[in-house]
$ cat my_file_22.tsv   # TSV, C-alpha atoms
chain	number	residue	atom	x	y	z
A	1166	LYS	CA	-12.40	15.93	-6.47
A	1167	ALA	CA	-9.27	16.43	-4.38
A	1168	GLY	CA	-7.26	13.35	-3.54
A	1169	VAL	CA	-5.81	12.28	-0.23
A	1170	THR	CA	-3.68	15.05	1.21
A	1171	GLN	CA	-0.78	14.34	3.53
A	1172	THR	CA	1.25	16.95	5.36
A	1173	PRO	CA	4.04	17.62	5.73
A	1174	ARG	CA	5.63	16.15	2.62
A	1175	TYR	CA	9.08	15.86	4.16
A	1176	LEU	CA	10.22	15.85	7.76
A	1177	ILE	CA	13.60	15.58	9.43
A	1178	LYS	CA	13.77	14.74	13.11
A	1179	THR	CA	16.39	13.51	15.55
A	1180	ARG	CA	16.31	10.42	17.72
A	1181	GLY	CA	14.14	10.74	20.78
A	1182	GLN	CA	11.86	13.39	19.34
A	1183	GLN	CA	8.24	12.86	18.51
A	1184	VAL	CA	6.38	13.60	15.30
A	1185	THR	CA	2.79	14.09	14.16
A	1186	LEU	CA	1.71	13.44	10.59
A	1187	SER	CA	-1.58	14.58	9.14
A	1188	CYS	CA	-3.92	13.06	6.57
A	1189	SER	CA	-7.03	14.52	4.96
A	1190	PRO	CA	-9.06	11.85	3.16
A	1191	ILE	CA	-11.03	12.27	-0.03
A	1192	SER	CA	-14.25	14.13	0.66
A	1193	GLY	CA	-16.93	11.66	1.70
A	1194	HIS	CA	-14.48	8.92	2.64
A	1195	ARG	CA	-14.87	7.84	6.22
A	1196	SER	CA	-12.10	5.26	6.64
A	1197	VAL	CA	-8.40	6.08	6.91
A	1198	SER	CA	-5.52	3.62	7.01
A	1199	TRP	CA	-1.84	4.23	7.62
A	1200	TYR	CA	1.07	2.31	6.16
A	1201	GLN	CA	4.83	2.49	6.63
A	1202	GLN	CA	7.00	1.92	3.54
A	1203	THR	CA	10.70	1.11	3.79
A	1204	PRO	CA	13.07	-0.37	1.20
A	1205	GLY	CA	13.70	-3.43	3.36
A	1206	GLN	CA	10.20	-4.27	4.55
A	1207	GLY	CA	7.99	-2.75	1.87
A	1208	LEU	CA	4.56	-1.48	2.89
A	1209	GLN	CA	3.41	-2.51	6.33
A	1210	PHE	CA	0.00	-1.85	7.84
A	1211	LEU	CA	-0.03	0.42	10.88
A	1212	PHE	CA	-3.71	0.97	11.71
A	1213	GLU	CA	-7.14	1.75	10.35
A	1214	TYR	CA	-9.69	4.23	11.66
A	1215	PHE	CA	-13.39	4.53	10.99
A	1216	SER	CA	-15.86	6.76	12.78
A	1217	GLU	CA	-13.11	8.03	15.08
A	1218	THR	CA	-12.40	4.48	16.30
A	1219	GLN	CA	-9.38	2.33	15.63
A	1220	ARG	CA	-10.75	-0.76	13.88
A	1221	ASN	CA	-7.56	-2.66	13.17
A	1222	LYS	CA	-3.92	-2.42	14.22
A	1223	GLY	CA	-0.74	-3.80	12.74
A	1224	ASN	CA	2.27	-5.20	14.52
A	1225	PHE	CA	4.00	-1.99	15.56
A	1226	PRO	CA	5.15	-0.86	19.01
A	1227	GLY	CA	3.01	1.40	21.16
A	1228	ARG	CA	5.17	4.39	20.17
A	1229	PHE	CA	3.03	4.49	17.04
A	1230	SER	CA	-0.43	5.87	17.65
A	1231	GLY	CA	-3.14	7.57	15.72
A	1232	ARG	CA	-6.52	9.16	15.89
A	1233	GLN	CA	-9.35	10.23	13.67
A	1234	PHE	CA	-11.45	13.33	14.01
A	1235	SER	CA	-15.17	13.80	13.39
A	1236	ASN	CA	-14.45	15.20	9.92
A	1237	SER	CA	-12.57	11.96	9.09
A	1238	ARG	CA	-9.17	13.67	9.07
A	1239	SER	CA	-6.54	11.58	10.76
A	1240	GLU	CA	-3.22	12.06	12.47
A	1241	MET	CA	-0.56	9.60	13.43
A	1242	ASN	CA	2.04	10.18	16.08
A	1243	VAL	CA	5.37	8.52	16.65
A	1244	SER	CA	7.02	9.15	19.99
A	1245	THR	CA	10.64	8.60	21.00
A	1246	LEU	CA	11.80	8.35	17.42
A	1247	GLU	CA	14.38	5.74	16.45
A	1248	LEU	CA	16.64	5.64	13.40
A	1249	GLY	CA	14.61	2.70	12.10
A	1250	ASP	CA	11.49	4.83	11.96
A	1251	SER	CA	12.87	6.57	8.87
A	1252	ALA	CA	10.35	5.71	6.18
A	1253	LEU	CA	7.66	6.92	3.85
A	1254	TYR	CA	4.38	7.06	5.78
A	1255	LEU	CA	1.38	6.60	3.55
A	1256	CYS	CA	-2.21	7.36	4.34
A	1257	ALA	CA	-5.05	5.79	2.39
A	1258	SER	CA	-8.75	6.54	2.47
A	1259	SER	CA	-11.78	4.52	1.49
A	1260	LEU	CA	-15.51	5.11	1.51
A	1261	ASP	CA	-16.22	2.83	4.45
A	1262	TRP	CA	-14.49	0.47	6.83
A	1263	GLY	CA	-13.43	-2.73	5.15
A	1264	ARG	CA	-13.86	-1.31	1.65
A	1265	GLU	CA	-11.11	-2.66	-0.52
A	1266	LYS	CA	-10.69	0.28	-2.88
A	1267	LEU	CA	-8.00	2.39	-1.22
A	1268	PHE	CA	-6.82	5.75	-2.44
A	1269	PHE	CA	-3.33	6.63	-1.27
A	1270	GLY	CA	-1.80	9.99	-0.62
A	1271	SER	CA	1.73	10.86	-1.73
A	1272	GLY	CA	3.07	10.21	1.74
A	1273	THR	CA	5.26	11.93	4.29
A	1274	GLN	CA	8.95	11.11	4.00
A	1275	LEU	CA	10.34	11.01	7.54
A	1276	SER	CA	14.07	10.99	8.13
A	1277	VAL	CA	15.34	10.37	11.66
A	1278	LEU	CA	18.95	11.45	12.28
B	1245	THR	CA	5.81	-13.03	9.14
B	1246	GLN	CA	5.60	-12.18	5.44
B	1247	LEU	CA	2.41	-13.78	4.19
B	1248	LEU	CA	2.94	-12.75	0.63
B	1249	GLU	CA	5.90	-13.33	-1.72
B	1250	GLN	CA	6.38	-11.36	-4.91
B	1251	SER	CA	8.81	-12.13	-7.73
B	1252	PRO	CA	10.95	-11.11	-9.40
B	1253	GLN	CA	12.22	-8.25	-7.29
B	1254	PHE	CA	13.69	-6.38	-10.27
B	1255	LEU	CA	13.00	-6.48	-14.00
B	1256	SER	CA	14.84	-4.52	-16.67
B	1257	ILE	CA	13.56	-5.01	-20.19
B	1258	GLN	CA	13.43	-3.39	-23.60
B	1259	GLU	CA	10.37	-1.69	-25.02
B	1260	GLY	CA	8.13	-4.19	-26.77
B	1261	GLU	CA	9.00	-7.18	-24.59
B	1262	ASN	CA	6.47	-9.12	-22.53
B	1263	LEU	CA	6.82	-9.79	-18.82
B	1264	THR	CA	5.08	-11.53	-15.95
B	1265	VAL	CA	5.16	-10.71	-12.25
B	1266	TYR	CA	4.11	-13.28	-9.66
B	1267	CYS	CA	2.50	-13.04	-6.26
B	1268	ASN	CA	2.22	-16.09	-3.99
B	1269	SER	CA	1.04	-16.95	-0.53
B	1270	SER	CA	0.77	-20.05	1.60
B	1271	SER	CA	-2.57	-18.71	2.85
B	1272	VAL	CA	-5.80	-18.19	0.95
B	1273	PHE	CA	-6.49	-14.61	-0.04
B	1274	SER	CA	-9.90	-13.17	0.68
B	1275	SER	CA	-9.13	-10.76	-2.16
B	1276	LEU	CA	-6.08	-9.57	-4.03
B	1277	GLN	CA	-5.13	-6.24	-5.52
B	1278	TRP	CA	-2.40	-4.96	-7.80
B	1279	TYR	CA	-0.99	-1.47	-7.43
B	1280	ARG	CA	1.51	0.61	-9.35
B	1281	GLN	CA	3.66	3.16	-7.57
B	1282	GLU	CA	5.82	5.84	-9.14
B	1283	PRO	CA	8.69	7.58	-7.33
B	1284	GLY	CA	7.46	10.20	-4.88
B	1285	GLU	CA	3.87	9.08	-5.10
B	1286	GLY	CA	1.56	6.70	-3.32
B	1287	PRO	CA	0.42	3.40	-4.86
B	1288	VAL	CA	-2.44	3.56	-7.35
B	1289	LEU	CA	-4.90	0.69	-7.54
B	1290	LEU	CA	-4.91	-1.15	-10.87
B	1291	VAL	CA	-7.28	-4.04	-10.22
B	1292	THR	CA	-9.02	-6.12	-7.55
B	1293	VAL	CA	-9.66	-9.84	-8.00
B	1294	VAL	CA	-11.78	-11.87	-5.63
B	1295	THR	CA	-12.88	-15.06	-7.42
B	1296	GLY	CA	-10.56	-18.03	-7.93
B	1297	GLY	CA	-9.64	-18.38	-11.60
B	1298	GLU	CA	-10.63	-14.80	-12.36
B	1299	VAL	CA	-8.90	-13.02	-15.25
B	1300	LYS	CA	-9.08	-9.26	-15.73
B	1301	LYS	CA	-7.62	-7.17	-18.49
B	1302	LEU	CA	-6.63	-3.53	-18.39
B	1303	LYS	CA	-5.35	-2.52	-21.83
B	1304	ARG	CA	-2.01	-4.35	-22.15
B	1305	LEU	CA	-2.12	-5.67	-18.58
B	1306	THR	CA	-3.65	-9.06	-17.78
B	1307	PHE	CA	-4.27	-10.11	-14.19
B	1308	GLN	CA	-4.95	-13.70	-13.14
B	1309	PHE	CA	-6.07	-15.05	-9.81
B	1310	GLY	CA	-5.22	-18.65	-9.07
B	1311	ASP	CA	-7.99	-21.23	-8.72
B	1312	ALA	CA	-7.06	-21.84	-5.08
B	1313	ARG	CA	-6.80	-18.09	-4.41
B	1314	LYS	CA	-3.23	-18.45	-3.20
B	1315	ASP	CA	-1.45	-16.88	-6.16
B	1316	SER	CA	-1.80	-14.22	-8.79
B	1317	SER	CA	0.10	-12.95	-11.79
B	1318	LEU	CA	0.36	-9.72	-13.72
B	1319	HIS	CA	1.32	-10.01	-17.38
B	1320	ILE	CA	2.26	-6.97	-19.44
B	1321	THR	CA	2.27	-7.29	-23.21
B	1322	ALA	CA	4.55	-5.13	-25.34
B	1323	ALA	CA	5.90	-3.11	-22.43
B	1324	GLN	CA	6.41	0.61	-22.89
B	1325	PRO	CA	8.65	3.08	-21.02
B	1326	GLY	CA	5.52	4.48	-19.39
B	1327	ASP	CA	5.04	1.13	-17.65
B	1328	THR	CA	8.16	1.77	-15.57
B	1329	GLY	CA	7.42	1.73	-11.85
B	1330	LEU	CA	7.01	-0.37	-8.75
B	1331	TYR	CA	4.30	-3.03	-9.02
B	1332	LEU	CA	2.83	-4.21	-5.76
B	1333	CYS	CA	0.43	-7.00	-5.02
B	1334	ALA	CA	-1.61	-6.76	-1.85
B	1335	GLY	CA	-4.02	-9.20	-0.31
B	1336	THR	CA	-6.53	-9.42	2.44
B	1337	PHE	CA	-6.49	-12.51	4.58
B	1338	ARG	CA	-9.08	-13.75	7.02
B	1339	GLN	CA	-6.55	-13.73	9.85
B	1340	ALA	CA	-5.52	-10.10	9.21
B	1341	GLY	CA	-9.00	-8.62	9.08
B	1342	THR	CA	-9.30	-5.61	6.82
B	1343	ALA	CA	-5.57	-4.88	6.70
B	1344	LEU	CA	-3.93	-5.06	3.30
B	1345	ILE	CA	-0.80	-7.21	3.32
B	1346	PHE	CA	1.64	-6.06	0.66
B	1347	GLY	CA	4.34	-7.90	-1.20
B	1348	LYS	CA	7.70	-6.17	-1.36
B	1349	GLY	CA	7.13	-5.24	-4.96
B	1350	THR	CA	8.65	-5.66	-8.39
B	1351	THR	CA	10.63	-2.73	-9.75
B	1352	LEU	CA	10.13	-2.62	-13.50
B	1353	SER	CA	12.33	-0.60	-15.80
B	1354	VAL	CA	11.44	-0.42	-19.48
B	1355	SER	CA	13.96	1.24	-21.75
B	1356	SER	CA	13.35	2.44	-25.28
$ encode --input "my_file_22.tsv" --output "C-alpha cells"
Amino acid sequence: KAGVTQTPRYLIKTRGQQVTLSCSPISGHRSVSWYQQTPGQGLQFLFEYFSETQRNKGNFPGRFSGRQFSNSRSEMNVSTLELGDSALYLCASSLDWGREKLFFGSGTQLSVL
Amino acid sequence: TQLLEQSPQFLSIQEGENLTVYCNSSSVFSSLQWYRQEPGEGPVLLVTVVTGGEVKKLKRLTFQFGDARKDSSLHITAAQPGDTGLYLCAGTFRQAGTALIFGKGTTLSVSS
C-alpha cells in the first residue's frame, strides 16, 4: 500500500510569489491535514479537510488556503510568499475525519528567498 | 499560545543508557500521541494513549499517561544508535477540535 505522497519534494520561491503544494493520501483515506514545521515553532496545524470540506483551521493568515478534491487528494496554496513561510510542509492522511491515527508524508521543503 | 511543553529539547547519550522525555500541558488532553521523525521524513506514529494512568510498551520504549491526563513521558531503556531522531508528543484538546497540537520535540542522539 503506497504511503502519503507529497509533491514537489523541494521548492524555491521568491517573496511575493505564490505556491501550490500537492498531497495524495493513502488509498481509502478520506481525511487530509496539513502542518507547517519550522525549527523555531515546531509543527503547527494549518487545516483539515474531509469530504472536500474544510473541517478545522489553525491560526494562520488567509494567505494560506487549501482544498480537497473528490478523490481525496488535497492541495494547499500560499499566496504572496514571505521569508517566514520557509518551512517543511507536511501532509497527513487518516481514514476519517477526527481519526487520531495520522500517516504523514515526507513533506515539501519550501524555501522563500 | 503553546499548549504543550516538551523537555528536554536535546539529549545526547551513549549506547546502553536509559532516558526519559517529558510532555506537559496546563490543559487536559483528550488523547496524546508520540511520534518519531527522522531527517527528511515525516513523523511516524509510535503510540496513542487516551486513558489517565495508561502505560504502553513498545519493545524498549515505555509510554505513560498521567492520571490527570495533563502529562506524559516516554522512557527508552538501553538506547541504541537506531533510536536517534526527533521525538514529538502531540495532543488533542477539547478547545482545538480535531487538530493535533505538537510539542517542539526532543532531539535524541545516541552514539555507539
$ atom_distance --input "my_file_22.tsv" --atom1 "CA of Thr1203 in chain A" --atom2 "CA of Lys1348 in chain B"
9.4 Å
$ closest_residue --input "my_file_22.tsv" --among "A:Ala1257, A:Val1277, A:Leu1208, A:Leu1267" --to "Gly1347 in chain B" --atoms "only C-alpha atoms"
A:Leu1208
$ closest_residue --input "my_file_22.tsv" --among "B:His1319, B:Arg1313, B:Arg1304, B:Arg1280" --to "chain A" --atoms "all atoms listed in the file"
B:Arg1280
$ closest_atom_pairs --input "my_file_22.tsv" --of "range 1246-1315 of chain B" --to "range 1320-1338 of chain B" --cutoff "6 Å" --atoms "all atoms listed in the file" --output "Markdown table"
| residue | atom | partner | partner_atom | distance |
| --- | --- | --- | --- | --- |
| B:Glu1259 | CA | B:Gln1324 | CA | 5.1 |
| B:Gly1260 | CA | B:Ala1322 | CA | 4.0 |
| B:Glu1261 | CA | B:Ala1322 | CA | 5.0 |
| B:Asn1262 | CA | B:Thr1321 | CA | 4.6 |
| B:Leu1263 | CA | B:Ile1320 | CA | 5.4 |
| B:Phe1273 | CA | B:Phe1337 | CA | 5.1 |
| B:Ser1274 | CA | B:Phe1337 | CA | 5.2 |
| B:Ser1275 | CA | B:Thr1336 | CA | 5.5 |
| B:Leu1276 | CA | B:Gly1335 | CA | 4.3 |
| B:Gln1277 | CA | B:Ala1334 | CA | 5.1 |
| B:Trp1278 | CA | B:Cys1333 | CA | 4.5 |
| B:Tyr1279 | CA | B:Leu1332 | CA | 5.0 |
| B:Arg1280 | CA | B:Tyr1331 | CA | 4.6 |
| B:Gln1281 | CA | B:Leu1330 | CA | 5.0 |
| B:Glu1282 | CA | B:Gly1329 | CA | 5.2 |
| B:Arg1304 | CA | B:Thr1321 | CA | 5.3 |
| B:Leu1305 | CA | B:Ile1320 | CA | 4.6 |
$ atom_distance --input "my_file_22.tsv" --atom1 "CA of Asn1221 in chain A" --atom2 "CA of Trp1262 in chain A"
9.9 Å
$ atom_distance --input "my_file_22.tsv" --atom1 "CA of Lys1178 in chain A" --atom2 "CA of Phe1225 in chain A"
19.5 Å
$ closest_atom_pairs --input "my_file_22.tsv" --of "chain A" --to "chain B" --cutoff "10 Å" --atoms "all atoms listed in the file" --output "CSV"
residue,atom,partner,partner_atom,distance
A:Val1169,CA,B:Gly1286,CA,9.7
A:Arg1174,CA,B:Gly1284,CA,9.7
A:Ser1198,CA,B:Ala1343,CA,8.5
A:Trp1199,CA,B:Ala1343,CA,9.9
A:Tyr1200,CA,B:Leu1344,CA,9.4
A:Gln1202,CA,B:Lys1348,CA,9.5
A:Thr1203,CA,B:Lys1348,CA,9.4
A:Pro1204,CA,B:Lys1348,CA,8.3
A:Gly1205,CA,B:Lys1348,CA,8.1
A:Gln1206,CA,B:Lys1348,CA,6.7
A:Gly1207,CA,B:Lys1348,CA,4.7
A:Leu1208,CA,B:Phe1346,CA,5.9
A:Gln1209,CA,B:Phe1346,CA,6.9
A:Phe1210,CA,B:Ala1343,CA,6.4
A:Leu1211,CA,B:Ala1343,CA,8.7
A:Phe1212,CA,B:Ala1343,CA,7.9
A:Glu1213,CA,B:Ala1343,CA,7.7
A:Arg1220,CA,B:Thr1342,CA,8.7
A:Asn1221,CA,B:Ala1343,CA,7.1
A:Lys1222,CA,B:Ala1343,CA,8.1
A:Gly1223,CA,B:Ala1343,CA,7.8
A:Leu1253,CA,B:Gly1284,CA,9.3
A:Tyr1254,CA,B:Gly1286,CA,9.5
A:Leu1255,CA,B:Gly1286,CA,6.9
A:Cys1256,CA,B:Gly1286,CA,8.6
A:Ala1257,CA,B:Gly1286,CA,8.8
A:Trp1262,CA,B:Thr1342,CA,8.0
A:Gly1263,CA,B:Thr1342,CA,5.3
A:Arg1264,CA,B:Thr1342,CA,8.1
A:Glu1265,CA,B:Thr1292,CA,8.1
A:Lys1266,CA,B:Leu1289,CA,7.4
A:Leu1267,CA,B:Leu1289,CA,7.2
A:Phe1268,CA,B:Val1288,CA,6.9
A:Phe1269,CA,B:Gly1286,CA,5.3
A:Gly1270,CA,B:Gly1286,CA,5.4
A:Ser1271,CA,B:Glu1285,CA,4.4
A:Gly1272,CA,B:Gly1286,CA,6.3
A:Thr1273,CA,B:Gly1284,CA,9.6
A:Gln1274,CA,B:Gly1284,CA,9.1
$ closest_residue --input "my_file_22.tsv" --among "B:Ser1269, B:Gly1297, B:Thr1264, B:Lys1314" --to "Leu1247 in chain B" --atoms "all atoms listed in the file"
B:Ser1269
$ residues_around --input "my_file_22.tsv" --residues "Cys1188 in chain A" --least-positions-apart "2" --cutoff "8 Å" --atoms "all atoms listed in the file" --output "PyMOL selection string"
chain A and resi 1169-1172+1186+1190+1238-1240+1256
$ residues_around --input "my_file_22.tsv" --residues "Gly1181 in chain A" --least-positions-apart "6" --cutoff "8 Å" --atoms "all atoms listed in the file" --output "PyMOL selection string"
chain A and resi 1244-1247
$ residues_around --input "my_file_22.tsv" --residues "Ser1316 in chain B" --least-positions-apart "5" --cutoff "8 Å" --atoms "only C-alpha atoms" --output "JSON, numbers by chain"
{"B": [1266, 1267, 1268, 1276, 1307, 1308, 1309, 1310]}
$ closest_residue --input "my_file_22.tsv" --among "A:Ala1252, A:Ala1167, A:Leu1260, A:Met1241" --to "His1194 in chain A" --atoms "all atoms listed in the file"
A:Leu1260
$ closest_residue --input "my_file_22.tsv" --among "B:Ser1317, B:Ser1271, B:Val1293, B:Ala1312" --to "Gln1339 in chain B" --atoms "only C-alpha atoms"
B:Ser1271
$ closest_residue --input "my_file_22.tsv" --among "A:Ser1251, A:Ser1216, A:Thr1185, A:Thr1179" --to "Asn1236 in chain A" --atoms "only C-alpha atoms"
A:Ser1216
$ decode --input "my_file_22.tsv" --residues "range 1250-1290 of chain B" --atoms "C-alpha atoms" --output "mmCIF file, in the first residue's frame"
data_model
loop_
_atom_site.group_PDB
_atom_site.id
_atom_site.type_symbol
_atom_site.label_atom_id
_atom_site.label_comp_id
_atom_site.auth_asym_id
_atom_site.auth_seq_id
_atom_site.Cartn_x
_atom_site.Cartn_y
_atom_site.Cartn_z
ATOM 1 C CA GLN B 1250 8.245 19.072 25.850
ATOM 2 C CA SER B 1251 11.562 18.512 27.616
ATOM 3 C CA PRO B 1252 14.429 18.209 27.302
ATOM 4 C CA GLN B 1253 14.963 19.856 23.944
ATOM 5 C CA PHE B 1254 18.188 17.942 23.247
ATOM 6 C CA LEU B 1255 19.618 14.684 24.573
ATOM 7 C CA SER B 1256 22.990 13.210 23.696
ATOM 8 C CA ILE B 1257 23.741 9.862 25.295
ATOM 9 C CA GLN B 1258 25.842 6.748 24.908
ATOM 10 C CA GLU B 1259 24.512 3.435 23.682
ATOM 11 C CA GLY B 1260 23.069 1.412 26.531
ATOM 12 C CA GLU B 1261 21.929 4.364 28.649
ATOM 13 C CA ASN B 1262 18.327 4.962 29.681
ATOM 14 C CA LEU B 1263 16.456 8.195 29.072
ATOM 15 C CA THR B 1264 13.102 9.842 29.685
ATOM 16 C CA VAL B 1265 11.359 12.538 27.669
ATOM 17 C CA TYR B 1266 8.528 14.566 29.177
ATOM 18 C CA CYS B 1267 5.444 16.189 27.746
ATOM 19 C CA ASN B 1268 3.309 18.551 29.842
ATOM 20 C CA SER B 1269 0.288 20.754 29.430
ATOM 21 C CA SER B 1270 -1.781 23.023 31.627
ATOM 22 C CA SER B 1271 -4.859 21.695 29.816
ATOM 23 C CA VAL B 1272 -6.342 18.220 29.849
ATOM 24 C CA PHE B 1273 -5.560 16.137 26.795
ATOM 25 C CA SER B 1274 -8.383 14.342 25.061
ATOM 26 C CA SER B 1275 -5.691 11.989 23.783
ATOM 27 C CA LEU B 1276 -1.943 12.028 23.410
ATOM 28 C CA GLN B 1277 0.390 10.587 20.806
ATOM 29 C CA TRP B 1278 4.117 10.099 20.480
ATOM 30 C CA TYR B 1279 5.850 10.319 17.126
ATOM 31 C CA ARG B 1280 9.384 9.781 15.905
ATOM 32 C CA GLN B 1281 10.745 11.756 12.982
ATOM 33 C CA GLU B 1282 13.943 11.127 11.078
ATOM 34 C CA PRO B 1283 15.691 13.756 8.932
ATOM 35 C CA GLY B 1284 13.964 14.265 5.601
ATOM 36 C CA GLU B 1285 10.909 12.286 6.594
ATOM 37 C CA GLY B 1286 7.545 12.921 8.146
ATOM 38 C CA PRO B 1287 6.709 11.897 11.721
ATOM 39 C CA VAL B 1288 5.766 8.264 12.304
ATOM 40 C CA LEU B 1289 3.224 7.409 14.981
ATOM 41 C CA LEU B 1290 4.606 5.300 17.837
#
